[in-house]
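These notes concern the structure reproduced below.
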Amino acid sequence: MLAIVNACAVIGLEGCIVEVQTDFNPRAGLPSFTIVGLPDNAVKESRERVRSAIRNSGFDFINKAYVINLSPADLPKSGPAYDLAGAVGVLAATDQVPLTSIDGAVFLGELSLDGSVRHVKGIMPMVYTAQQAGFARAYVPADDAPEAALVAGIEIIPVRSLAELVEHLYGLNPIPVYFAVVDTAEPAIPDGLVDFADVKGQHFVKRALEIAAGGNHNVRLIGSPGTGKTLLARAMPGIMPPLSYAEALDVTRIYSVADMLQSDEPLVRYRPFRAPHHTTSQAGIIGGGSIPKPGECTLAHRGILFLDEVTEMSVHVLEVLRQPIEDKIVTISRAKGSLTFPANFLLVVAHNPCPCGYSQ
């Protein structure tokens, strides 16, 4: 019997619908469980998680031949987000879940061996892709429901365990739809930043920073150690215009893919402030990897990229900042493809007047 369950992959910052096609052959001689469609090691290991989760949830895992195809087959698959779709596919192929109940839905989540559904990164862009593709509902881990519910136009079903999901699909114990609750209160200042009003003195510098924040001008701070360069830079996000809801969603999508969202605050409401160490590599600043991932330039999108001790940084690292500053985007090309990331940030650099720390 063949069952098709929909999941989603994340390529860069964009999602792509993936069909998890499960074929069950009860007449096969030797038991097997094969996953095809360019899976990485995390996806291949889902065989053991799916098998144990099904058995420990009280369902039958018939020890025969299974083949799971992740379509499109030429798209590399990574991460554990296909576990839940794979388990539902096995249950549907063995007639333990009604096929009609999985139509028009996507299933996202990692499975524990006991059948509980765990957090996965990139939930927001995946749910947004499903909504754009016309899916009516998305089954996501309960911990990720607040983040997924930021996408309008699609029902979010929070799932805590595989057994709970099967009861819902049979209509025995329906799971209520999760609705987003957006806090309209003024966001608190994140850890590591300071209030501009708490900075004493430096009136001319503060005036210059106010002009820079209002006009989105890049800033260079030069001064002896202890004069307050880093303190003033860390106070700048507080005087910049607040993020609009569309900008907040844009930043949240980036931090969702990077798995850097706070569990108690799914929506990023404060402008990002990134301060990488001066020994950070070129790939760390601009992004990279065999499958390109966002770097500090993208993580600072709509916010501030602060480079302290900038004269100690590699010349090659500083050179790669030219194109993002001008074009507000970063395009990374690798053998497996080319990806474009947003990089609209305000650059603030600081350094001492000379290598000894003081002017000569």
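Chain labels run A, B, ... following the order of the structure tokens; each chain numbers its residues from 1, and ligands are numbered from 1 in the order shown.
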Within 9 Å of A:Ile239 using only C-alpha atoms, minus same-chain residues under 5 positions, as a list in words: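 The contact residues come out as Asp195, Phe196, Leu209, Glu210, Ala213 and Gly214 of chain A.
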Polymer residues at most 9 Å from A:Arg274, only C-alpha atoms, same-chain spacing of 2 or more positions, as a list in words: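 Contacts, with the query itself left out: Pro272, Pro276, Glu296, Cys297, Leu299, Ala300, Gly303, Ile304, Leu305, Phe306 and Leu307 of chain A.
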Stretch 42-189 of chain A: residues DSSP assigns to helix (DSSP H, G or I), reported as an MDAnalysis selection string: chainID A and resid 42:44 46:56 83:93 99:102 123:132 142:148 162:169
With C-alpha atoms retained, export the selected residues as a compact mmCIF listing (two decimals), in the first residue's frame.
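Contents of the output file again29.txt:
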```txt
# COMPACT_ATOMS: atom_id res chain seq x y z
CA ALA A 42 20.08 12.71 10.27
CA VAL A 43 17.34 11.73 7.81
CA LYS A 44 18.68 8.18 7.40
CA SER A 46 15.00 8.55 11.30
CA ARG A 47 14.38 4.86 10.49
CA GLU A 48 15.27 3.93 14.05
CA ARG A 49 13.36 6.85 15.57
CA VAL A 50 10.22 6.09 13.54
CA ARG A 51 10.33 2.37 14.32
CA SER A 52 10.77 2.87 18.07
CA ALA A 53 8.26 5.74 18.26
CA ILE A 54 5.55 3.68 16.56
CA ARG A 55 6.08 0.67 18.82
CA ASN A 56 6.37 2.70 22.04
CA ASP A 83 10.34 12.12 11.32
CA LEU A 84 6.68 12.88 12.00
CA ALA A 85 5.71 12.69 8.31
CA GLY A 86 7.59 9.39 7.99
CA ALA A 87 5.81 7.87 10.99
CA VAL A 88 2.39 9.00 9.74
CA GLY A 89 3.27 7.56 6.32
CA VAL A 90 4.13 4.16 7.81
CA LEU A 91 0.92 4.12 9.85
CA ALA A 92 -1.15 5.16 6.83
CA ALA A 93 0.51 2.56 4.57
CA LEU A 99 -5.74 8.30 4.36
CA THR A 100 -8.45 10.95 4.09
CA SER A 101 -7.33 12.58 7.35
CA ILE A 102 -3.86 13.46 6.04
CA ILE A 123 9.27 26.05 11.47
CA MET A 124 8.15 29.52 10.42
CA PRO A 125 9.45 29.44 6.80
CA MET A 126 8.16 25.88 6.42
CA VAL A 127 4.65 26.79 7.59
CA TYR A 128 4.69 29.89 5.40
CA THR A 129 5.58 27.73 2.39
CA ALA A 130 2.72 25.36 3.21
CA GLN A 131 0.31 28.28 3.48
CA GLN A 132 1.44 29.65 0.13
CA ALA A 142 3.68 21.89 20.57
CA ASP A 143 6.81 23.85 21.53
CA ASP A 144 6.91 25.41 18.05
CA ALA A 145 3.21 26.30 17.82
CA PRO A 146 3.65 29.96 18.94
CA GLU A 147 6.22 30.48 16.18
CA ALA A 148 4.17 28.67 13.52
CA LEU A 162 2.44 10.44 18.01
CA ALA A 163 -0.34 8.70 19.94
CA GLU A 164 -2.12 12.02 20.49
CA LEU A 165 -1.84 12.78 16.76
CA VAL A 166 -3.37 9.44 15.72
CA GLU A 167 -6.30 9.96 18.08
CA HIS A 168 -6.83 13.38 16.49
CA LEU A 169 -6.70 11.96 12.96
```
Gap from atom CA of A:Val320 to atom CA of A:Leu249 - Å, one decimal: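 Computed distance, atom CA of A:Val320 to atom CA of A:Leu249, equals 26.9 Å.
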Among listed residues A:Glu326, A:Asp40, A:Glu110, A:Asp103, nearest A:Pro141 (using only C-alpha atoms):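 Of A:Glu326, A:Asp40, A:Glu110, A:Asp103, the one nearest A:Pro141 is A:Glu110, counting only C-alpha atoms.
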